[in-house]
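Here's data_36.txt, which has compact mmCIF, C-alpha atoms and all ligand atoms:
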# COMPACT_ATOMS: atom_id res chain seq x y z
CA MET A 118 -1.32 -20.75 13.09
CA THR A 119 -2.59 -19.43 9.76
CA ALA A 120 -2.06 -15.84 8.69
CA LEU A 121 -4.56 -14.32 6.26
CA VAL A 122 -3.28 -11.77 3.75
CA THR A 123 -6.06 -9.83 2.04
CA GLY A 124 -5.08 -8.28 -1.29
CA ALA A 125 -2.52 -11.08 -1.65
CA ALA A 126 -2.19 -10.67 -5.43
CA GLY A 127 -1.42 -6.95 -5.17
CA PHE A 128 1.88 -5.11 -4.90
CA ILE A 129 2.37 -5.03 -1.13
CA GLY A 130 0.26 -8.13 -0.40
CA SER A 131 2.26 -10.42 -2.70
CA THR A 132 5.54 -9.13 -1.23
CA LEU A 133 4.23 -9.83 2.28
CA VAL A 134 3.12 -13.38 1.38
CA ARG A 135 6.60 -14.15 0.03
CA SER A 136 8.21 -12.86 3.20
CA LEU A 137 5.87 -14.77 5.56
CA THR A 138 6.13 -18.13 3.75
CA SER A 139 9.94 -17.79 3.61
CA ARG A 140 9.81 -17.65 7.42
CA GLY A 141 7.80 -20.91 7.64
CA ILE A 142 4.41 -19.28 8.30
CA THR A 143 1.29 -20.87 6.79
CA VAL A 144 -0.52 -18.24 4.72
CA ARG A 145 -3.97 -18.05 3.17
CA GLY A 146 -4.36 -15.24 0.63
CA VAL A 147 -7.56 -13.66 -0.62
CA ASP A 148 -8.01 -11.37 -3.60
CA ASN A 149 -10.78 -10.51 -6.06
CA PHE A 150 -8.33 -9.55 -8.86
CA ASP A 151 -10.20 -6.30 -9.43
CA SER A 152 -9.59 -4.24 -12.55
CA TYR A 153 -8.19 -1.05 -10.96
CA TYR A 154 -5.10 -2.01 -12.95
CA ASP A 155 -4.34 -4.83 -15.41
CA PRO A 156 -5.41 -8.04 -13.57
CA SER A 157 -2.82 -10.02 -15.54
CA LEU A 158 -0.14 -8.31 -13.40
CA LYS A 159 -1.96 -9.64 -10.31
CA GLU A 160 -2.14 -13.10 -11.91
CA ARG A 161 1.65 -12.94 -12.40
CA ASN A 162 2.15 -11.85 -8.79
CA ALA A 163 -0.04 -14.71 -7.54
CA ALA A 164 1.61 -17.29 -9.82
CA SER A 165 5.03 -16.33 -8.47
CA LEU A 166 3.92 -17.20 -4.92
CA GLY A 167 3.75 -20.97 -5.41
CA HIS A 168 4.68 -22.46 -2.02
CA PRO A 169 3.36 -25.56 -0.20
CA ASP A 170 2.27 -23.41 2.76
CA PHE A 171 0.32 -20.88 0.64
CA THR A 172 -3.26 -21.13 -0.62
CA LEU A 173 -5.19 -18.46 -2.51
CA VAL A 174 -8.94 -17.85 -2.36
CA ARG A 175 -10.69 -15.71 -4.97
CA ALA A 176 -13.35 -13.70 -3.19
CA ASP A 177 -14.68 -10.17 -2.84
CA LEU A 178 -14.45 -9.13 0.81
CA SER A 179 -17.12 -6.47 0.38
CA LYS A 180 -19.83 -8.96 -0.55
CA ASP A 181 -18.89 -12.65 -0.61
CA ARG A 182 -19.34 -15.11 2.27
CA LEU A 183 -16.37 -14.75 4.60
CA GLU A 184 -16.68 -17.77 6.91
CA ASP A 185 -14.54 -20.13 4.81
CA VAL A 186 -11.98 -17.43 4.02
CA LEU A 187 -11.48 -16.58 7.69
CA GLU A 188 -11.83 -19.99 9.36
CA GLY A 189 -8.91 -20.77 11.73
CA VAL A 190 -7.03 -17.55 11.08
CA SER A 191 -5.08 -16.00 13.99
CA VAL A 192 -3.96 -12.81 12.28
CA ILE A 193 -5.38 -10.83 9.35
CA TYR A 194 -3.07 -8.60 7.34
CA HIS A 195 -5.70 -6.45 5.67
CA LEU A 196 -4.11 -5.01 2.54
CA ALA A 197 -7.04 -5.41 0.15
CA GLY A 198 -8.34 -2.06 -0.92
CA ARG A 199 -8.88 0.34 -3.77
CA PRO A 200 -5.68 2.43 -3.92
CA GLY A 201 -4.78 5.58 -5.86
CA VAL A 202 -5.21 9.18 -4.79
CA ARG A 203 -5.73 10.88 -8.13
CA GLY A 204 -8.31 8.42 -9.52
CA SER A 205 -10.62 8.60 -6.53
CA TRP A 206 -12.72 11.53 -7.74
CA GLY A 207 -15.89 11.04 -9.78
CA ARG A 208 -17.91 8.01 -10.60
CA ASP A 209 -15.50 5.36 -9.29
CA PHE A 210 -16.14 6.42 -5.69
CA ASP A 211 -18.41 3.43 -5.04
CA PHE A 212 -15.43 1.13 -5.62
CA TYR A 213 -13.49 3.06 -2.97
CA THR A 214 -16.24 2.84 -0.37
CA ALA A 215 -16.85 -0.89 -1.04
CA ALA A 216 -13.19 -1.93 -0.96
CA ASN A 217 -11.89 0.42 1.75
CA ILE A 218 -14.85 0.80 4.11
CA THR A 219 -17.38 -2.03 3.64
CA ALA A 220 -14.77 -4.79 3.32
CA THR A 221 -13.01 -3.53 6.47
CA GLN A 222 -16.27 -3.35 8.43
CA ARG A 223 -17.13 -6.93 7.43
CA LEU A 224 -13.76 -8.26 8.65
CA LEU A 225 -14.21 -6.40 11.94
CA GLU A 226 -17.72 -7.81 12.40
CA TYR A 227 -16.40 -11.31 11.82
CA ALA A 228 -13.61 -10.73 14.36
CA THR A 229 -16.10 -9.41 16.93
CA ALA A 230 -18.19 -12.57 16.63
CA SER A 231 -15.18 -14.88 17.08
CA ALA A 232 -14.40 -16.55 20.40
CA ARG A 233 -10.77 -15.48 19.92
CA PRO A 234 -10.75 -12.47 17.59
CA PRO A 235 -7.79 -12.47 15.20
CA ARG A 236 -5.37 -9.54 15.32
CA ILE A 237 -6.09 -7.22 12.39
CA VAL A 238 -3.31 -5.17 10.81
CA TYR A 239 -4.97 -2.52 8.65
CA ALA A 240 -3.17 -0.86 5.71
CA SER A 241 -3.82 2.81 6.29
CA SER A 242 -2.19 5.63 4.42
CA SER A 243 -0.27 8.90 4.72
CA SER A 244 -3.12 10.34 2.64
CA VAL A 245 -5.21 10.62 5.85
CA TYR A 246 -3.06 13.64 6.81
CA GLY A 247 -3.59 15.71 3.65
CA ASP A 248 -1.35 18.79 3.73
CA ALA A 249 -0.29 18.48 7.35
CA GLU A 250 0.27 21.45 9.65
CA ILE A 251 3.55 20.08 11.08
CA TYR A 252 6.42 18.01 9.57
CA PRO A 253 7.53 15.43 10.42
CA THR A 254 3.91 14.55 11.15
CA HIS A 255 3.08 12.65 14.32
CA GLU A 256 0.14 10.21 14.59
CA THR A 257 -1.62 12.65 16.94
CA ALA A 258 -1.83 15.34 14.21
CA ARG A 259 -5.37 16.13 13.10
CA PRO A 260 -6.16 14.07 9.95
CA SER A 261 -7.44 16.16 7.05
CA PRO A 262 -7.49 14.13 3.82
CA ARG A 263 -7.36 15.99 0.50
CA SER A 264 -8.75 13.16 -1.65
CA PRO A 265 -11.81 10.91 -1.57
CA TYR A 266 -9.35 7.99 -1.34
CA GLY A 267 -7.87 9.48 1.85
CA VAL A 268 -11.37 9.91 3.28
CA THR A 269 -12.16 6.20 2.76
CA LYS A 270 -8.82 5.07 4.22
CA LEU A 271 -9.45 7.25 7.28
CA ALA A 272 -12.95 5.78 7.63
CA GLY A 273 -11.45 2.25 7.61
CA GLU A 274 -8.96 3.33 10.25
CA HIS A 275 -11.71 4.81 12.44
CA LEU A 276 -13.67 1.55 12.15
CA CYS A 277 -10.61 -0.35 13.44
CA SER A 278 -10.29 1.96 16.48
CA LEU A 279 -14.04 1.72 17.09
CA TYR A 280 -14.13 -2.09 17.12
CA ALA A 281 -11.01 -2.13 19.32
CA ALA A 282 -12.56 0.26 21.85
CA ASN A 283 -16.03 -1.32 21.92
CA PHE A 284 -15.34 -5.01 21.44
CA GLY A 285 -11.64 -5.44 22.22
CA VAL A 286 -10.70 -6.51 18.68
CA PRO A 287 -6.88 -6.31 18.59
CA THR A 288 -6.41 -3.92 15.68
CA VAL A 289 -3.40 -1.92 14.57
CA ALA A 290 -3.49 0.57 11.71
CA LEU A 291 -0.24 1.28 9.88
CA ARG A 292 -0.08 4.52 7.91
CA PHE A 293 2.13 3.65 4.94
CA PHE A 294 3.94 6.50 3.18
CA THR A 295 4.19 6.12 -0.65
CA VAL A 296 5.56 2.59 -1.09
CA TYR A 297 7.88 1.58 -3.96
CA GLY A 298 10.03 -1.33 -5.09
CA PRO A 299 9.61 -4.43 -7.31
CA ARG A 300 5.96 -5.06 -8.37
CA GLN A 301 4.92 -1.48 -7.58
CA ARG A 302 1.52 -0.71 -9.11
CA PRO A 303 1.63 0.49 -12.73
CA ASP A 304 -0.24 3.72 -11.90
CA MET A 305 2.40 4.85 -9.39
CA ALA A 306 5.19 7.32 -10.11
CA PHE A 307 8.34 5.17 -9.93
CA THR A 308 7.02 2.38 -12.16
CA ARG A 309 5.83 4.95 -14.68
CA PHE A 310 9.08 6.97 -14.62
CA LEU A 311 11.31 3.88 -14.93
CA ARG A 312 9.17 2.50 -17.73
CA ALA A 313 9.35 5.85 -19.56
CA ALA A 314 13.15 5.96 -19.23
CA LEU A 315 13.42 2.49 -20.78
CA THR A 316 10.73 2.74 -23.48
CA ARG A 317 11.16 6.46 -24.31
CA GLU A 318 7.36 6.90 -24.11
CA PRO A 319 6.67 10.20 -22.27
CA VAL A 320 5.16 10.09 -18.81
CA PRO A 321 2.99 12.79 -17.21
CA LEU A 322 4.74 14.95 -14.60
CA TYR A 323 2.08 16.55 -12.40
CA GLY A 324 2.79 20.05 -11.14
CA SER A 325 6.27 21.49 -10.63
CA GLY A 326 7.86 18.21 -9.53
CA GLU A 327 8.77 19.98 -6.29
CA GLN A 328 6.21 17.94 -4.31
CA VAL A 329 7.97 15.94 -1.60
CA ARG A 330 7.30 12.40 -0.39
CA ASP A 331 8.65 10.26 2.44
CA PHE A 332 9.03 7.26 0.06
CA THR A 333 9.17 3.79 1.67
CA TYR A 334 10.76 0.63 0.28
CA VAL A 335 8.36 -2.33 0.13
CA GLY A 336 10.79 -4.65 1.99
CA ASP A 337 10.81 -2.21 4.90
CA ILE A 338 7.00 -2.00 4.80
CA VAL A 339 6.53 -5.79 4.97
CA ARG A 340 8.90 -6.04 7.95
CA ALA A 341 6.73 -3.48 9.77
CA ILE A 342 3.49 -5.26 8.81
CA ALA A 343 4.75 -8.64 10.05
CA ALA A 344 6.10 -7.11 13.28
CA ALA A 345 2.75 -5.44 13.96
CA GLY A 346 0.97 -8.79 13.50
CA GLU A 347 3.33 -10.65 15.80
CA ALA A 348 3.79 -8.20 18.70
CA ASP A 349 1.36 -7.43 21.50
CA VAL A 350 0.57 -3.90 20.32
CA PRO A 351 -2.24 -2.12 22.24
CA ALA A 352 -5.61 -2.60 20.47
CA GLY A 353 -6.58 0.40 18.36
CA SER A 354 -2.98 1.57 17.79
CA VAL A 355 -2.18 3.80 14.82
CA LEU A 356 1.44 3.93 13.63
CA ASN A 357 3.28 5.76 10.84
CA VAL A 358 5.59 3.65 8.63
CA SER A 359 7.92 5.56 6.35
CA GLY A 360 11.31 5.49 4.68
CA GLY A 361 12.53 8.46 6.71
CA GLY A 362 13.66 10.63 3.77
CA SER A 363 12.29 13.75 2.10
CA HIS A 364 12.66 13.59 -1.65
CA SER A 365 11.02 15.72 -4.31
CA VAL A 366 9.74 14.12 -7.51
CA ASN A 367 12.44 16.11 -9.38
CA GLU A 368 15.15 14.52 -7.19
CA VAL A 369 13.72 11.07 -7.94
CA LEU A 370 13.88 11.83 -11.68
CA ASP A 371 17.58 12.74 -11.24
CA VAL A 372 18.33 9.45 -9.45
CA ILE A 373 16.51 7.48 -12.18
CA GLU A 374 18.43 9.32 -14.90
CA ARG A 375 21.72 8.40 -13.18
CA LEU A 376 20.70 4.75 -12.74
CA VAL A 377 19.37 4.25 -16.28
CA GLY A 378 21.91 6.53 -17.96
CA THR A 379 19.29 8.46 -19.91
CA ASN A 380 16.69 11.16 -19.23
CA VAL A 381 13.05 10.45 -18.34
CA PRO A 382 10.86 11.92 -21.12
CA VAL A 383 8.14 13.91 -19.33
CA ASP A 384 4.92 15.52 -20.44
CA ARG A 385 4.23 18.42 -18.05
CA ARG A 386 0.70 18.61 -16.65
CA ALA A 387 -1.16 20.67 -14.06
CA ARG A 388 -0.93 19.62 -10.42
CA ALA A 389 -3.33 16.72 -9.90
CA ASP A 390 -6.43 17.15 -7.73
CA GLY A 391 -5.90 15.45 -4.40
CA ASP A 392 -2.08 15.47 -4.63
CA VAL A 393 -0.50 16.88 -1.47
CA MET A 394 2.66 19.02 -1.66
CA ARG A 395 4.49 17.15 1.07
CA THR A 396 4.41 14.02 3.22
CA GLY A 397 6.86 13.30 6.01
CA ALA A 398 6.42 11.00 9.00
CA ASP A 399 7.47 11.11 12.60
CA THR A 400 8.26 7.40 13.13
CA ARG A 401 9.25 7.45 16.81
CA SER A 402 6.09 5.53 17.84
CA ILE A 403 6.76 2.46 15.69
CA THR A 404 10.43 2.45 16.67
CA GLU A 405 9.51 2.55 20.36
CA LEU A 406 6.76 -0.09 20.11
CA LEU A 407 8.24 -2.51 17.59
CA GLY A 408 11.91 -1.58 17.35
CA TRP A 409 11.29 -1.04 13.62
CA ARG A 410 13.45 1.25 11.49
CA PRO A 411 13.67 1.59 7.70
CA ARG A 412 16.82 0.07 6.19
CA VAL A 413 16.74 0.63 2.42
CA SER A 414 17.92 3.88 0.82
CA LEU A 415 16.09 5.49 -2.10
CA GLU A 416 19.00 4.76 -4.44
CA ASP A 417 19.18 1.03 -3.53
CA GLY A 418 15.40 0.61 -3.59
CA LEU A 419 15.13 2.30 -6.98
CA ALA A 420 17.89 0.05 -8.36
CA ALA A 421 15.90 -3.03 -7.25
CA GLN A 422 12.73 -1.62 -8.84
CA LEU A 423 14.61 -0.79 -12.05
CA ALA A 424 15.67 -4.46 -12.37
CA TRP A 425 12.01 -5.53 -12.03
CA VAL A 426 10.69 -2.90 -14.49
CA ARG A 427 13.41 -3.82 -17.01
CA GLU A 428 12.33 -7.46 -16.88
CA ALA A 429 8.60 -6.58 -17.07
CA VAL A 430 9.15 -4.27 -20.07
CA SER A 431 11.24 -6.88 -21.88
CA ASN A 432 8.66 -9.65 -21.39
CA GLY A 433 5.83 -7.31 -22.41
CA SER A 434 3.88 -7.57 -19.14
CA LEU A 435 4.01 -3.87 -18.21
CA ALA A 436 1.80 -1.78 -20.48
CA ALA A 437 1.54 2.00 -20.10
CA VAL A 438 -1.34 3.23 -17.93
P1 LIG B 1 -2.80 -3.16 -5.00
O1 LIG B 1 -3.95 -2.62 -5.77
O2 LIG B 1 -1.62 -3.65 -5.75
O3 LIG B 1 -3.30 -4.30 -4.00
C1 LIG B 1 -4.61 -4.33 -3.47
C2 LIG B 1 -5.21 -5.69 -3.80
O4 LIG B 1 -6.50 -5.79 -3.17
C3 LIG B 1 -5.44 -5.90 -5.29
O5 LIG B 1 -4.80 -7.09 -5.73
C4 LIG B 1 -6.96 -6.00 -5.44
O6 LIG B 1 -7.37 -6.90 -6.46
C5 LIG B 1 -7.38 -6.47 -4.05
N1 LIG B 1 -8.76 -6.08 -3.68
C6 LIG B 1 -9.33 -4.86 -3.85
N2 LIG B 1 -10.60 -4.88 -3.41
C7 LIG B 1 -10.84 -6.15 -2.93
C8 LIG B 1 -11.97 -6.80 -2.37
N3 LIG B 1 -13.13 -6.15 -2.21
N4 LIG B 1 -11.86 -8.10 -2.02
C9 LIG B 1 -10.70 -8.78 -2.20
N5 LIG B 1 -9.58 -8.20 -2.74
C10 LIG B 1 -9.65 -6.91 -3.11
O7 LIG B 1 -2.36 -1.98 -3.98
P2 LIG B 1 -1.09 -1.81 -3.03
O8 LIG B 1 -0.33 -0.64 -3.52
O9 LIG B 1 -0.43 -3.14 -2.84
O10 LIG B 1 -1.81 -1.38 -1.68
C11 LIG B 1 -2.20 -2.32 -0.71
C12 LIG B 1 -2.92 -1.58 0.43
O11 LIG B 1 -2.05 -0.62 1.02
C13 LIG B 1 -4.18 -0.82 -0.02
O12 LIG B 1 -5.15 -0.95 0.98
C14 LIG B 1 -3.69 0.63 -0.09
O13 LIG B 1 -4.73 1.55 0.16
C15 LIG B 1 -2.65 0.66 1.02
N6 LIG B 1 -1.61 1.67 0.83
C16 LIG B 1 -0.76 1.58 -0.24
C17 LIG B 1 0.26 2.52 -0.39
C18 LIG B 1 1.22 2.47 -1.54
O14 LIG B 1 2.05 3.41 -1.64
N7 LIG B 1 1.19 1.45 -2.40
C19 LIG B 1 0.40 3.54 0.56
C20 LIG B 1 -0.51 3.62 1.61
C21 LIG B 1 -1.50 2.65 1.75
C1 LIG B 2 0.72 6.70 -3.05
C2 LIG B 2 -0.27 5.55 -3.38
O1 LIG B 2 -0.66 5.58 -4.72
C3 LIG B 2 -1.51 5.58 -2.52
O2 LIG B 2 -2.24 4.37 -2.71
C4 LIG B 2 -1.08 5.71 -1.11
O3 LIG B 2 -2.10 5.66 -0.21
C5 LIG B 2 -0.25 6.96 -0.91
O4 LIG B 2 0.94 6.80 -1.69
C6 LIG B 2 0.15 7.17 0.50
O5 LIG B 2 1.32 7.35 0.84
O6 LIG B 2 -0.73 7.18 1.35
P1 LIG B 2 1.22 9.02 -4.16
O7 LIG B 2 2.04 9.68 -3.10
O8 LIG B 2 0.39 9.87 -5.04
O9 LIG B 2 0.23 7.95 -3.54
O10 LIG B 2 2.26 8.12 -4.97
P2 LIG B 2 2.74 8.10 -6.49
O11 LIG B 2 1.64 7.65 -7.39
O12 LIG B 2 3.98 7.30 -6.52
O13 LIG B 2 3.04 9.64 -6.82
C7 LIG B 2 4.12 10.34 -6.21
C8 LIG B 2 4.17 11.73 -6.84
O14 LIG B 2 4.52 11.62 -8.21
C9 LIG B 2 2.85 12.49 -6.78
O15 LIG B 2 3.06 13.83 -6.42
C10 LIG B 2 2.33 12.41 -8.21
O16 LIG B 2 1.58 13.52 -8.62
C11 LIG B 2 3.60 12.32 -9.01
N1 LIG B 2 3.36 11.58 -10.27
C12 LIG B 2 2.83 10.33 -10.25
C13 LIG B 2 3.68 12.17 -11.47
O17 LIG B 2 4.14 13.34 -11.50
N2 LIG B 2 3.47 11.47 -12.61
C14 LIG B 2 2.96 10.21 -12.63
O18 LIG B 2 2.80 9.62 -13.71
C15 LIG B 2 2.63 9.62 -11.40
Encoded form (structure tokens):
Amino acid sequence: MTALVTGAAGFIGSTLVRSLTSRGITVRGVDNFDSYYDPSLKERNAASLGHPDFTLVRADLSKDRLEDVLEGVSVIYHLAGRPGVRGSWGRDFDFYTAANITATQRLLEYATASARPPRIVYASSSSVYGDAEIYPTHETARPSPRSPYGVTKLAGEHLCSLYAANFGVPTVALRFFTVYGPRQRPDMAFTRFLRAALTREPVPLYGSGEQVRDFTYVGDIVRAIAAAGEADVPAGSVLNVSGGGSHSVNEVLDVIERLVGTNVPVDRRARADGDVMRTGADTRSITELLGWRPRVSLEDGLAAQLAWVREAVSNGSLAAV
């Protein structure tokens, strides 16, 4: 059995590969090392994955030939995508549609044509909800994205449900809520805040800082992803995955200041277009179906991420973005 991890050189993908190979699973990774953020960070992630049961293919899922990439694969963990809420406006939109919609459609077409379609676990996002009407938000709430990014992630999710309903492809979409931990992307809040605390270079703080997120530790996310790929979940399922807390950005800054022992120098900016005021998941469905629950507290997860950021700042691999 070979598991395919798309986006294997990225933040969540590389963490998933490490977890799967440590459990004796043979993994093929695919990544195009795109330049959404410094590709040398992705090279470092990939280099750290050296394991006899892991191979990496460099390919672009939105346009390259997929047959060799997908040959003999029984499960696809589809994490490749163009992330980032705030950067999805304007002229980069084509990158979002190619990575989040076209690449997903191509994997689904391949699965449809297979004698035994692989299970596909799709990395969806809390951003499909936008500013939800009810918190904690259940999967049955009406999606209403506030950013072009959220629109493309919702389109990918709809494609999964469509291929499940029409062709029986065993898909499951997991809606991740703001993920953090070691190797978090350099454009995301915690990496930027921790870096600022250590380097004393100011970081933008968007809006009042009172926006709330249901932050999720990456180790908890990869346990949910693996469980969804290994269980017999009904085709077309959509499940929230979140850390189960409600923390404002200002509270996060306080925790970081306690951990680092110094303030985070911030540069106050207007609220960013596309940023929602609050996310918060109802996670009863994933607990019922997979027995999954988050385990890592914000304080412990931030301490683990601080150790990684400290190392990355000291070896010069984490530039400001
Ligand atoms: P990331 O950018 O670190 O990882 C994505 C990887 O996919 C990158 O290494 C990139 O090079 C690769 N990629 C992009 N387009 C590709 C293509 N066409 N072909 C092959 N590879 C391609 O991002 P991440 O934070 O690890 O996110 C992983 C997935 O989870 C994304 O789909 C994202 O939308 C989703 N997600 C992330 C979060 C979060 O908080 N990080 C939350 C919700 C959903
Ligand atoms: C994150 C990911 O970036 C998306 O890819 C993902 O799909 C989304 O989570 C999700 O849950 O679906 P976001 O919640 O914006 O999006 O995560 P962060 O970049 O960590 O930002 C958290 C908060 O901090 C936001 O309100 C943001 O405005 C704020 N922030 C971020 C700052 O104030 N300053 C910064 O420098 C960065």
Using only C-alpha atoms and all ligand atoms, I'd like a table of the residues in chain A that come within 8 Å of ligand LIG 1 (chain B); for each, show the closest atom pair and its distance in Å rounded to one decimal, ordered by chain and ascending number, as JSON lines.
{"residue": "A:Thr123", "atom": "CA", "partner": "B:LIG1", "partner_atom": "N5", "distance": 6.2}
{"residue": "A:Gly124", "atom": "CA", "partner": "B:LIG1", "partner_atom": "O4", "distance": 3.4}
{"residue": "A:Ala125", "atom": "CA", "partner": "B:LIG1", "partner_atom": "O5", "distance": 6.1}
{"residue": "A:Ala126", "atom": "CA", "partner": "B:LIG1", "partner_atom": "O5", "distance": 4.4}
{"residue": "A:Gly127", "atom": "CA", "partner": "B:LIG1", "partner_atom": "O2", "distance": 3.4}
{"residue": "A:Phe128", "atom": "CA", "partner": "B:LIG1", "partner_atom": "O9", "distance": 3.7}
{"residue": "A:Ile129", "atom": "CA", "partner": "B:LIG1", "partner_atom": "O9", "distance": 3.8}
{"residue": "A:Gly130", "atom": "CA", "partner": "B:LIG1", "partner_atom": "O9", "distance": 5.6}
{"residue": "A:Ser131", "atom": "CA", "partner": "B:LIG1", "partner_atom": "O9", "distance": 7.8}
{"residue": "A:Val147", "atom": "CA", "partner": "B:LIG1", "partner_atom": "C9", "distance": 6.0}
{"residue": "A:Asp148", "atom": "CA", "partner": "B:LIG1", "partner_atom": "N5", "distance": 3.6}
{"residue": "A:Asn149", "atom": "CA", "partner": "B:LIG1", "partner_atom": "N5", "distance": 4.2}
{"residue": "A:Phe150", "atom": "CA", "partner": "B:LIG1", "partner_atom": "O6", "distance": 3.7}
{"residue": "A:Asp151", "atom": "CA", "partner": "B:LIG1", "partner_atom": "O6", "distance": 4.1}
{"residue": "A:Ser152", "atom": "CA", "partner": "B:LIG1", "partner_atom": "O6", "distance": 7.0}
{"residue": "A:Tyr153", "atom": "CA", "partner": "B:LIG1", "partner_atom": "O1", "distance": 6.9}
{"residue": "A:Tyr154", "atom": "CA", "partner": "B:LIG1", "partner_atom": "O1", "distance": 7.3}
{"residue": "A:Pro156", "atom": "CA", "partner": "B:LIG1", "partner_atom": "O6", "distance": 7.5}
{"residue": "A:Lys159", "atom": "CA", "partner": "B:LIG1", "partner_atom": "O5", "distance": 6.0}
{"residue": "A:Arg175", "atom": "CA", "partner": "B:LIG1", "partner_atom": "C9", "distance": 7.5}
{"residue": "A:Ala176", "atom": "CA", "partner": "B:LIG1", "partner_atom": "C9", "distance": 5.7}
{"residue": "A:Asp177", "atom": "CA", "partner": "B:LIG1", "partner_atom": "N4", "distance": 3.6}
{"residue": "A:Leu178", "atom": "CA", "partner": "B:LIG1", "partner_atom": "N4", "distance": 4.0}
{"residue": "A:Ser179", "atom": "CA", "partner": "B:LIG1", "partner_atom": "N3", "distance": 4.8}
{"residue": "A:Lys180", "atom": "CA", "partner": "B:LIG1", "partner_atom": "N3", "distance": 7.5}
{"residue": "A:His195", "atom": "CA", "partner": "B:LIG1", "partner_atom": "O12", "distance": 7.2}
{"residue": "A:Leu196", "atom": "CA", "partner": "B:LIG1", "partner_atom": "C12", "distance": 4.2}
{"residue": "A:Ala197", "atom": "CA", "partner": "B:LIG1", "partner_atom": "O4", "distance": 3.4}
{"residue": "A:Gly198", "atom": "CA", "partner": "B:LIG1", "partner_atom": "O12", "distance": 3.9}
{"residue": "A:Arg199", "atom": "CA", "partner": "B:LIG1", "partner_atom": "C6", "distance": 5.2}
{"residue": "A:Pro200", "atom": "CA", "partner": "B:LIG1", "partner_atom": "O13", "distance": 4.3}
{"residue": "A:Gly201", "atom": "CA", "partner": "B:LIG1", "partner_atom": "O13", "distance": 7.2}
{"residue": "A:Ala215", "atom": "CA", "partner": "B:LIG1", "partner_atom": "N3", "distance": 6.5}
{"residue": "A:Ala216", "atom": "CA", "partner": "B:LIG1", "partner_atom": "N3", "distance": 4.4}
{"residue": "A:Asn217", "atom": "CA", "partner": "B:LIG1", "partner_atom": "O12", "distance": 6.9}
{"residue": "A:Ala220", "atom": "CA", "partner": "B:LIG1", "partner_atom": "N3", "distance": 5.9}
{"residue": "A:Tyr239", "atom": "CA", "partner": "B:LIG1", "partner_atom": "O12", "distance": 7.8}
{"residue": "A:Ala240", "atom": "CA", "partner": "B:LIG1", "partner_atom": "O11", "distance": 4.8}
{"residue": "A:Ser241", "atom": "CA", "partner": "B:LIG1", "partner_atom": "C21", "distance": 5.1}
{"residue": "A:Ser242", "atom": "CA", "partner": "B:LIG1", "partner_atom": "C20", "distance": 3.8}
{"residue": "A:Ser243", "atom": "CA", "partner": "B:LIG1", "partner_atom": "C20", "distance": 6.1}
{"residue": "A:Ser244", "atom": "CA", "partner": "B:LIG1", "partner_atom": "C20", "distance": 7.3}
{"residue": "A:Lys270", "atom": "CA", "partner": "B:LIG1", "partner_atom": "O13", "distance": 6.8}
{"residue": "A:Arg292", "atom": "CA", "partner": "B:LIG1", "partner_atom": "C20", "distance": 6.4}
{"residue": "A:Phe293", "atom": "CA", "partner": "B:LIG1", "partner_atom": "C20", "distance": 4.2}
{"residue": "A:Phe294", "atom": "CA", "partner": "B:LIG1", "partner_atom": "C19", "distance": 5.3}
{"residue": "A:Thr295", "atom": "CA", "partner": "B:LIG1", "partner_atom": "O14", "distance": 3.6}
{"residue": "A:Val296", "atom": "CA", "partner": "B:LIG1", "partner_atom": "O14", "distance": 3.6}
{"residue": "A:Tyr297", "atom": "CA", "partner": "B:LIG1", "partner_atom": "O14", "distance": 6.5}
{"residue": "A:Gln301", "atom": "CA", "partner": "B:LIG1", "partner_atom": "O8", "distance": 6.7}
{"residue": "A:Arg302", "atom": "CA", "partner": "B:LIG1", "partner_atom": "O2", "distance": 5.5}
{"residue": "A:Met305", "atom": "CA", "partner": "B:LIG1", "partner_atom": "N7", "distance": 7.9}
{"residue": "A:Thr333", "atom": "CA", "partner": "B:LIG1", "partner_atom": "O14", "distance": 7.9}
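Residue nearest Thr214 of chain A within the list A:Gly273, A:Pro319, A:Gly360, A:Pro303: A:Gly273 [criterion: smallest interatomic distance, all atoms listed in the file].
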Write out as a PyMOL selection string each polymer residue whose atoms come within 9 Å of Leu407 of chain A, counting all atoms listed in the file; drop sequence neighbours fewer than 6 positions from it. chain A and resi 341+344-345+348+350
Selection near segment 325-332 of chain A, 10 Å with only C-alpha atoms, sequence-local residues under 2 positions removed, as number ranges by chain: A: 243, 253, 293-297, 322-323, 334-335, 358-370, 385-388, 392-398, 414-415, 418
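Checking A:Arg410, A:Arg203, A:Arg375, A:Arg223 one by one against ligand LIG 2 (chain B), counting only C-alpha atoms and all ligand atoms, you find the shortest gap at A:Arg203.
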A:Leu224, A:Val438, A:Leu279, A:Val238: which is nearest Asp181 of chain A, counting all atoms listed in the file? A:Leu224
For the atom pair atom CA of Ile142 of chain A and atom CA of Pro235 of chain A, what is the interatomic distance in Å to one decimal place?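 If I compute the distance from atom CA of Ile142 of chain A to atom CA of Pro235 of chain A, I get 15.6 Å.
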Give me, please, the distance in Å between atom CA of Asp349 of chain A and atom CA of Val134 of chain A, quoted to one decimal.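 Distance reported for this atom pair: 21.1 Å.
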Straight-line distance linking atom CA of Leu133 of chain A with atom CA of Leu423 of chain A, stated in Å to one decimal: 19.9 Å
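The shortest atom-to-atom distance to Gly336 of chain A, with all atoms listed in the file taken into account, belongs to A:Arg300 out of A:Ala429, A:Arg300, A:Ile251, A:Thr404.
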